[in-house]
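Asks: Pasting in a structure now, in structure tokens, and then I'll have a few things to ask.
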Amino acid sequence: MELSARNQLKGKVSNVELGAVMANIKIEVSEPGVITAVITKESAERLGLKDGDDVVALIKSTEVIVGK
């Protein structure tokens with residue numbers, strides 16, 4: 001699938017925590033190491049996410065904060 005979003009991090013699901021409404025999905029990537037995506041439980045179930053799945057994290061933001 002081709003997407004217009006340029007911020008794409010390929011990784012592997014390392015943990016899926018399903019809550020009542022939301023799901024925390026840990027994704028191992030090269031840099032910064034691990035990111036956490038908070039998505040709806042319905043989306044996690046629809047995608048059938050499980051440990052070891054190869055995924056792509058697409059990051060779209062209207063705001064970037066830089067700190068030093």
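Chain lettering (A, B, ...) mirrors the order of the structure tokens, residue numbering begins at 1 for each chain separately, and ligand numbering begins at 1 in order of display.
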Check the DSSP output for the backbone and give back, as an NGL selection string, the residues of chain A in strand (DSSP E).
Replies: :A and (8-18 or 22-28 or 34-40 or 54-58)
Asks: With N, CA, C and O atoms kept, could you save the residues just selected as a CSV table (one decimal), in the first residue's frame?
Replies:
chain,number,residue,atom,x,y,z
A,8,GLN,N,7.3,7.1,8.4
A,8,GLN,CA,6.9,5.7,8.5
A,8,GLN,C,8.0,5.0,9.1
A,8,GLN,O,9.2,5.0,8.7
A,9,LEU,N,7.7,4.3,10.2
A,9,LEU,CA,8.7,3.5,10.9
A,9,LEU,C,8.3,2.0,10.8
A,9,LEU,O,7.3,1.6,11.4
A,10,LYS,N,9.1,1.2,10.2
A,10,LYS,CA,8.9,-0.2,10.1
A,10,LYS,C,9.4,-0.9,11.4
A,10,LYS,O,10.4,-0.6,11.9
A,11,GLY,N,8.6,-1.8,11.9
A,11,GLY,CA,9.0,-2.5,13.1
A,11,GLY,C,8.2,-3.7,13.3
A,11,GLY,O,7.5,-4.2,12.5
A,12,LYS,N,8.3,-4.3,14.6
A,12,LYS,CA,7.7,-5.5,14.9
A,12,LYS,C,6.9,-5.3,16.2
A,12,LYS,O,7.4,-4.7,17.2
A,13,VAL,N,5.7,-5.8,16.3
A,13,VAL,CA,4.9,-5.7,17.5
A,13,VAL,C,5.6,-6.5,18.6
A,13,VAL,O,5.9,-7.7,18.4
A,14,SER,N,5.8,-5.9,19.8
A,14,SER,CA,6.4,-6.6,20.9
A,14,SER,C,5.5,-6.9,22.0
A,14,SER,O,5.7,-7.7,22.9
A,15,ASN,N,4.3,-6.1,22.0
A,15,ASN,CA,3.4,-6.3,23.1
A,15,ASN,C,2.0,-5.7,22.7
A,15,ASN,O,2.0,-4.6,22.1
A,16,VAL,N,0.9,-6.4,23.0
A,16,VAL,CA,-0.4,-5.9,22.8
A,16,VAL,C,-1.2,-5.9,24.1
A,16,VAL,O,-1.3,-7.0,24.7
A,17,GLU,N,-1.6,-4.8,24.6
A,17,GLU,CA,-2.4,-4.7,25.8
A,17,GLU,C,-3.8,-4.2,25.5
A,17,GLU,O,-3.9,-3.0,25.1
A,18,LEU,N,-4.8,-5.0,25.6
A,18,LEU,CA,-6.2,-4.6,25.2
A,18,LEU,C,-6.9,-4.2,26.5
A,18,LEU,O,-6.9,-4.9,27.5
A,22,MET,N,-9.5,1.1,24.7
A,22,MET,CA,-8.3,1.4,24.0
A,22,MET,C,-7.3,0.2,24.1
A,22,MET,O,-7.5,-0.7,24.9
A,23,ALA,N,-6.3,0.3,23.2
A,23,ALA,CA,-5.3,-0.7,23.2
A,23,ALA,C,-3.9,-0.1,23.1
A,23,ALA,O,-3.8,0.9,22.4
A,24,ASN,N,-2.9,-0.5,23.9
A,24,ASN,CA,-1.5,-0.1,23.8
A,24,ASN,C,-0.8,-1.1,23.0
A,24,ASN,O,-0.7,-2.3,23.3
A,25,ILE,N,-0.1,-0.6,21.9
A,25,ILE,CA,0.6,-1.5,21.0
A,25,ILE,C,2.1,-1.1,21.1
A,25,ILE,O,2.4,0.0,20.7
A,26,LYS,N,3.0,-1.9,21.6
A,26,LYS,CA,4.4,-1.6,21.6
A,26,LYS,C,5.0,-2.1,20.3
A,26,LYS,O,4.8,-3.3,19.9
A,27,ILE,N,5.8,-1.3,19.6
A,27,ILE,CA,6.4,-1.6,18.4
A,27,ILE,C,7.9,-1.4,18.5
A,27,ILE,O,8.3,-0.3,18.8
A,28,GLU,N,8.7,-2.4,18.2
A,28,GLU,CA,10.1,-2.3,18.2
A,28,GLU,C,10.6,-1.8,16.9
A,28,GLU,O,10.2,-2.4,15.8
A,34,VAL,N,11.8,1.6,20.8
A,34,VAL,CA,10.4,1.2,21.0
A,34,VAL,C,9.5,2.4,21.0
A,34,VAL,O,9.8,3.4,21.6
A,35,ILE,N,8.4,2.3,20.3
A,35,ILE,CA,7.4,3.4,20.4
A,35,ILE,C,6.1,2.7,20.8
A,35,ILE,O,5.9,1.5,20.6
A,36,THR,N,5.2,3.5,21.4
A,36,THR,CA,3.9,3.0,21.8
A,36,THR,C,2.8,3.7,21.1
A,36,THR,O,2.8,4.9,21.0
A,37,ALA,N,2.0,2.9,20.4
A,37,ALA,CA,0.8,3.5,19.8
A,37,ALA,C,-0.4,3.2,20.6
A,37,ALA,O,-0.6,2.1,21.0
A,38,VAL,N,-1.2,4.2,20.8
A,38,VAL,CA,-2.5,4.0,21.6
A,38,VAL,C,-3.6,4.1,20.5
A,38,VAL,O,-3.8,5.2,19.9
A,39,ILE,N,-4.3,3.0,20.3
A,39,ILE,CA,-5.3,2.9,19.3
A,39,ILE,C,-6.6,2.3,19.9
A,39,ILE,O,-6.5,1.8,21.0
A,40,THR,N,-7.7,2.4,19.2
A,40,THR,CA,-8.9,1.8,19.8
A,40,THR,C,-8.8,0.3,19.8
A,40,THR,O,-8.1,-0.3,19.0
A,54,ASP,N,4.8,-8.1,11.8
A,54,ASP,CA,5.5,-7.0,11.2
A,54,ASP,C,4.5,-5.9,10.8
A,54,ASP,O,3.4,-6.2,10.3
A,55,VAL,N,4.8,-4.7,11.2
A,55,VAL,CA,3.9,-3.5,11.0
A,55,VAL,C,4.6,-2.3,10.6
A,55,VAL,O,5.9,-2.3,10.6
A,56,VAL,N,3.9,-1.3,10.2
A,56,VAL,CA,4.5,0.0,9.9
A,56,VAL,C,3.8,1.1,10.8
A,56,VAL,O,2.5,1.1,10.7
A,57,ALA,N,4.5,1.9,11.5
A,57,ALA,CA,3.9,2.9,12.3
A,57,ALA,C,3.9,4.2,11.4
A,57,ALA,O,5.0,4.6,11.0
A,58,LEU,N,2.8,4.7,11.2
A,58,LEU,CA,2.7,6.0,10.4
A,58,LEU,C,2.4,7.1,11.3
A,58,LEU,O,1.5,7.1,12.1
Asks: If you run DSSP over the backbone, which residues in chain A end up alpha helix (DSSP H)? Put them as a ChimeraX atom specification.
Replies: /A:41-47
Asks: What does the file look like for those residues with all heavy atoms, as an mmCIF file, in the first residue's frame?
Replies:
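File produced: result-v7.cif:
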data_model
loop_
_atom_site.group_PDB
_atom_site.id
_atom_site.type_symbol
_atom_site.label_atom_id
_atom_site.label_comp_id
_atom_site.auth_asym_id
_atom_site.auth_seq_id
_atom_site.Cartn_x
_atom_site.Cartn_y
_atom_site.Cartn_z
ATOM 1 N N LYS A 41 -9.425 -0.304 20.788
ATOM 2 C CA LYS A 41 -9.450 -1.760 20.901
ATOM 3 C C LYS A 41 -10.029 -2.367 19.630
ATOM 4 O O LYS A 41 -9.542 -3.371 19.124
ATOM 5 C CB LYS A 41 -10.278 -2.166 22.121
ATOM 6 C CG LYS A 41 -10.383 -3.656 22.322
ATOM 7 C CD LYS A 41 -11.243 -4.000 23.525
ATOM 8 C CE LYS A 41 -11.384 -5.492 23.695
ATOM 9 N NZ LYS A 41 -12.298 -5.838 24.784
ATOM 10 N N GLU A 42 -11.077 -1.718 19.103
ATOM 11 C CA GLU A 42 -11.718 -2.200 17.879
ATOM 12 C C GLU A 42 -10.710 -2.274 16.727
ATOM 13 O O GLU A 42 -10.678 -3.255 15.985
ATOM 14 C CB GLU A 42 -12.883 -1.283 17.507
ATOM 15 C CG GLU A 42 -13.604 -1.687 16.244
ATOM 16 C CD GLU A 42 -14.746 -0.745 15.883
ATOM 17 O OE1 GLU A 42 -15.004 0.226 16.618
ATOM 18 O OE2 GLU A 42 -15.391 -0.995 14.852
ATOM 19 N N SER A 43 -9.866 -1.250 16.596
ATOM 20 C CA SER A 43 -8.870 -1.252 15.525
ATOM 21 C C SER A 43 -7.841 -2.354 15.728
ATOM 22 O O SER A 43 -7.458 -3.036 14.773
ATOM 23 C CB SER A 43 -8.162 0.102 15.460
ATOM 24 O OG SER A 43 -9.051 1.102 15.023
ATOM 25 N N ALA A 44 -7.385 -2.545 16.972
ATOM 26 C CA ALA A 44 -6.411 -3.601 17.267
ATOM 27 C C ALA A 44 -6.979 -4.967 16.932
ATOM 28 O O ALA A 44 -6.296 -5.819 16.345
ATOM 29 C CB ALA A 44 -5.993 -3.531 18.735
ATOM 30 N N GLU A 45 -8.233 -5.187 17.279
ATOM 31 C CA GLU A 45 -8.882 -6.470 16.987
ATOM 32 C C GLU A 45 -9.123 -6.639 15.493
ATOM 33 O O GLU A 45 -8.924 -7.723 14.945
ATOM 34 C CB GLU A 45 -10.189 -6.591 17.763
ATOM 35 C CG GLU A 45 -9.973 -6.732 19.257
ATOM 36 C CD GLU A 45 -11.256 -6.706 20.072
ATOM 37 O OE1 GLU A 45 -12.276 -6.155 19.588
ATOM 38 O OE2 GLU A 45 -11.220 -7.215 21.191
ATOM 39 N N ARG A 46 -9.531 -5.567 14.813
ATOM 40 C CA ARG A 46 -9.785 -5.639 13.374
ATOM 41 C C ARG A 46 -8.514 -5.984 12.613
ATOM 42 O O ARG A 46 -8.526 -6.755 11.655
ATOM 43 C CB ARG A 46 -10.371 -4.315 12.863
ATOM 44 C CG ARG A 46 -10.699 -4.320 11.374
ATOM 45 C CD ARG A 46 -11.384 -3.042 10.929
ATOM 46 N NE ARG A 46 -10.780 -1.821 11.417
ATOM 47 C CZ ARG A 46 -9.689 -1.229 10.890
ATOM 48 N NH1 ARG A 46 -9.089 -1.778 9.853
ATOM 49 N NH2 ARG A 46 -9.224 -0.110 11.396
ATOM 50 N N LEU A 47 -7.377 -5.424 13.059
ATOM 51 C CA LEU A 47 -6.096 -5.716 12.430
ATOM 52 C C LEU A 47 -5.528 -7.068 12.866
ATOM 53 O O LEU A 47 -4.595 -7.578 12.250
ATOM 54 C CB LEU A 47 -5.085 -4.614 12.758
ATOM 55 C CG LEU A 47 -5.348 -3.258 12.105
ATOM 56 C CD1 LEU A 47 -4.446 -2.198 12.710
ATOM 57 C CD2 LEU A 47 -5.143 -3.336 10.604
#
Asks: Would you mind reading off the distance between atom CA of Ala5 of chain A and atom CA of Ser61 of chain A, one decimal, in Å?
Replies: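 Between atom CA of Ala5 of chain A and atom CA of Ser61 of chain A the gap is 10.0 Å.
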